[in-house]
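Trainee: Please see the structure below; I have some questions.
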Amino acid sequence: MSLLQQHWKTLSISLTDTILTISMNRPKANAMSPELLNELIHAFNQASNDDKIKGVLLRSNLSSTFSAGADLSTVYNLSIARQRAVIDNFVFETLSRGMTAPLHCSKPVACSLDGHTIAGGLMLALSCDYIAMGTRKPFRIGITGPIVGIPYPLKAVKLVQHQLEPQLGYRFLVDANLVSSNDFPIRCERSETPDDLARKWLKMISERPLKGFQITKQKWWSDVIELDSKDNEKEKQEYFEAVTSDECMQAMKKALNKDTK
């Protein structure tokens, strides 16, 4: 069954000419639930294997938010249950592969950012080959996990090191800083219509022979991709101990209660 024929619960999928558009559509903030993450993995895998698709545009259907990152309620509920195997599967398989799905895609992937891009949402954007930044209104970009004591897996840390200036990346990971999109110091194109800018880049790249791009992309991401084949038991145990600690669970509960008010 083709991408367009399938029923998607958290994504909207369309194909114009040879460019596939994947729009995240999980109100109210595109929080990364297992369902959204698995659909991202599935959609990008299918795009890789469909010869009719020459490029992918990743965007949000929500006007104010690209993605708020991992669904905190999911992490909190798993931590309360203290089921190590389930936590491992969500964090080191589903979340890890979902938020880096664009870098595993064999086709060029452009990202259109026009709303808040937080935590795993930033990881998802950094996994793309091209970022078009919206200028219609400023929005927040950064990482918030440290506020509640959630550590970032090695793959996420490597991704930040790979794509951001070292001091900026470290401050994000440690301080939980949020910056305005106007001040975000990353090399990207900016426009009031970032979707159009992203499509323009995809059209340019898709008109070139694909194989050379694929080889370069694979080499660029090789050090990040190779982490998928490593089973780091020490890292998993450290993560489990951190998110199931009383301090971390209390901080997560406080943050969730604040969001519901």
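Naming works like this for the structure tokens: A, B, ... for the chains as they're shown, residue 1 at the start of each chain, ligands 1 onward in shown order.
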Could the residues of segment 56-128 of chain A that have an atom at most 12 Å from segment 238-245 of chain A be listed as a Markdown table, each with its closest atom pair and the distance in Å to one decimal, counting only C-alpha atoms and ordered by chain and ascending residue number?
Mentor:
| residue | atom | partner | partner_atom | distance |
| --- | --- | --- | --- | --- |
| A:Leu72 | CA | A:Val243 | CA | 11.2 |
| A:Thr74 | CA | A:Val243 | CA | 11.8 |
| A:Val75 | CA | A:Val243 | CA | 8.0 |
| A:Tyr76 | CA | A:Val243 | CA | 8.0 |
| A:Asn77 | CA | A:Thr244 | CA | 10.1 |
| A:Leu78 | CA | A:Thr244 | CA | 8.7 |
| A:Ser79 | CA | A:Thr244 | CA | 5.0 |
| A:Ile80 | CA | A:Thr244 | CA | 6.9 |
| A:Ala81 | CA | A:Thr244 | CA | 8.9 |
| A:Arg82 | CA | A:Thr244 | CA | 6.6 |
| A:Gln83 | CA | A:Phe240 | CA | 9.0 |
| A:Arg84 | CA | A:Phe240 | CA | 6.5 |
| A:Ala85 | CA | A:Phe240 | CA | 9.6 |
| A:Val86 | CA | A:Phe240 | CA | 10.4 |
| A:Ile87 | CA | A:Phe240 | CA | 7.3 |
| A:Asp88 | CA | A:Phe240 | CA | 8.0 |
| A:Asn89 | CA | A:Phe240 | CA | 11.5 |
| A:Phe90 | CA | A:Phe240 | CA | 11.6 |
| A:Val91 | CA | A:Tyr239 | CA | 9.2 |
| A:Phe92 | CA | A:Tyr239 | CA | 10.0 |
Trainee: Those same residues - C-alpha atoms - I'd like them written as a compact mmCIF listing (two decimals), in the first residue's frame.
Mentor:
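Written output follows (result38.txt):
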# COMPACT_ATOMS: atom_id res chain seq x y z
CA LEU A 72 6.40 13.94 28.97
CA THR A 74 4.59 8.94 28.38
CA VAL A 75 8.00 9.18 30.08
CA TYR A 76 6.38 9.90 33.46
CA ASN A 77 3.95 6.96 33.26
CA LEU A 78 6.73 4.58 32.22
CA SER A 79 8.90 5.84 35.08
CA ILE A 80 6.09 5.34 37.62
CA ALA A 81 5.64 1.76 36.40
CA ARG A 82 9.42 1.21 36.67
CA GLN A 83 9.40 -1.23 33.77
CA ARG A 84 13.00 -1.12 32.58
CA ALA A 85 12.42 -3.09 29.35
CA VAL A 86 9.52 -0.84 28.30
CA ILE A 87 11.52 2.32 29.07
CA ASP A 88 14.47 0.95 27.09
CA ASN A 89 12.25 0.23 24.10
CA PHE A 90 10.60 3.64 24.09
CA VAL A 91 13.74 5.74 24.63
CA PHE A 92 16.45 3.78 22.82
Trainee: From a DSSP calculation on the backbone, collect every residue of segment 79-244 of chain A in helix (DSSP H, G or I) and output the set as a PyMOL selection string.
Mentor: chain A and resi 79-81+84-99+101-104+120-126+145-148+154-163+166-175+194-206+210-220+222-229+233-243
Trainee: Counting only C-alpha atoms, which residue out of A:Gly212, A:Pro151, A:Pro166, A:Pro146 sits closest to Ser106 of chain A?
Mentor: A:Gly212
Trainee: For a quick check of understanding, using only C-alpha atoms, which of A:Met133, A:Met99, A:Ala110, A:Ala251 has the smallest distance to Arg190 of chain A?
Mentor: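 Between A:Met133, A:Met99, A:Ala110, A:Ala251, the residue approaching Arg190 of chain A most closely is A:Met133.
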Trainee: Given only C-alpha atoms as the basis, pick out the residue of A:Leu164, A:Ile13, A:Val179, A:Val148 nearest to Asp246 of chain A.
Mentor: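 The shortest atom-to-atom distance to Asp246 of chain A comes from A:Val148.
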Trainee: Which one of A:Leu227, A:Leu210, A:Ile131, A:Ala198 sits closest to Ile186 of chain A if you count only C-alpha atoms?
Mentor: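 Among the listed residues, A:Ile131 lies closest to Ile186 of chain A.
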Trainee: Name all residues at most 7 Å from Ile141 of chain A (count only C-alpha atoms; drop same-chain ones fewer than 2 positions away) and give them as number ranges by chain.
Mentor: A: 116-118, 139, 178-181
Trainee: Write to file, as a PDB file, in the first residue's frame, the residues of the selection just made, with N, CA, C and O atoms.
Mentor:
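Wrote again26.pdb, looks like this:
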ATOM      1  N   HIS A 116       7.342  26.762  17.662  1.00  0.00           N
ATOM      2  CA  HIS A 116       8.204  26.303  18.740  1.00  0.00           C
ATOM      3  C   HIS A 116       8.808  24.927  18.430  1.00  0.00           C
ATOM      4  O   HIS A 116       8.102  24.001  18.016  1.00  0.00           O
ATOM      5  N   THR A 117      10.115  24.827  18.630  1.00  0.00           N
ATOM      6  CA  THR A 117      10.872  23.624  18.301  1.00  0.00           C
ATOM      7  C   THR A 117      11.688  23.252  19.528  1.00  0.00           C
ATOM      8  O   THR A 117      12.745  23.825  19.787  1.00  0.00           O
ATOM      9  N   ILE A 118      11.161  22.292  20.296  1.00  0.00           N
ATOM     10  CA  ILE A 118      11.686  22.035  21.632  1.00  0.00           C
ATOM     11  C   ILE A 118      12.160  20.583  21.767  1.00  0.00           C
ATOM     12  O   ILE A 118      11.514  19.653  21.264  1.00  0.00           O
ATOM     13  N   PHE A 139       9.679  32.414  17.456  1.00  0.00           N
ATOM     14  CA  PHE A 139       9.255  31.268  18.250  1.00  0.00           C
ATOM     15  C   PHE A 139      10.454  30.734  19.014  1.00  0.00           C
ATOM     16  O   PHE A 139      11.592  31.147  18.793  1.00  0.00           O
ATOM     17  N   LEU A 178      16.237  28.254  26.254  1.00  0.00           N
ATOM     18  CA  LEU A 178      15.386  28.449  25.085  1.00  0.00           C
ATOM     19  C   LEU A 178      15.764  29.794  24.480  1.00  0.00           C
ATOM     20  O   LEU A 178      15.919  30.786  25.195  1.00  0.00           O
ATOM     21  N   VAL A 179      15.926  29.826  23.168  1.00  0.00           N
ATOM     22  CA  VAL A 179      16.277  31.067  22.494  1.00  0.00           C
ATOM     23  C   VAL A 179      15.221  31.395  21.450  1.00  0.00           C
ATOM     24  O   VAL A 179      14.480  30.527  21.004  1.00  0.00           O
ATOM     25  N   SER A 180      15.167  32.653  21.097  1.00  0.00           N
ATOM     26  CA  SER A 180      14.254  33.075  20.040  1.00  0.00           C
ATOM     27  C   SER A 180      14.770  32.585  18.690  1.00  0.00           C
ATOM     28  O   SER A 180      15.983  32.536  18.454  1.00  0.00           O
ATOM     29  N   SER A 181      13.845  32.246  17.810  1.00  0.00           N
ATOM     30  CA  SER A 181      14.248  31.826  16.464  1.00  0.00           C
ATOM     31  C   SER A 181      15.022  32.928  15.758  1.00  0.00           C
ATOM     32  O   SER A 181      15.864  32.656  14.894  1.00  0.00           O
TER      33      SER A 181
END
Trainee: Determine which residues of segment 30-256 of chain A receive a DSSP assignment of strand (DSSP E), computed from the backbone, and state them as a ChimeraX atom specification.
Mentor: /A:55-60,65-67,109-113,116-118,130-134,140-142,178-180,189-191
Trainee: Quick one: of A:His104, A:Arg187, A:Lys254, A:Arg199, who's nearest to Gln214 of chain A, counting only C-alpha atoms?
Mentor: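 Smallest distance to Gln214 of chain A is found for A:His104.
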Trainee: With distances taken over only C-alpha atoms, which residue among A:Ser229, A:Val174, A:Leu20, A:Leu113 lies nearest Ile150 of chain A?
Mentor: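 Of the candidates, the smallest distance to Ile150 of chain A is held by A:Val174.
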Trainee: Which residues are near Leu36 of chain A? Cut-off 12 Å, only C-alpha atoms, ignore same chain within fewer than 3 positions. Put them as number ranges by chain.
Mentor: A: 8-12, 22-27, 29-33, 39-43, 67, 69-71, 94-95, 97-99, 101, 121
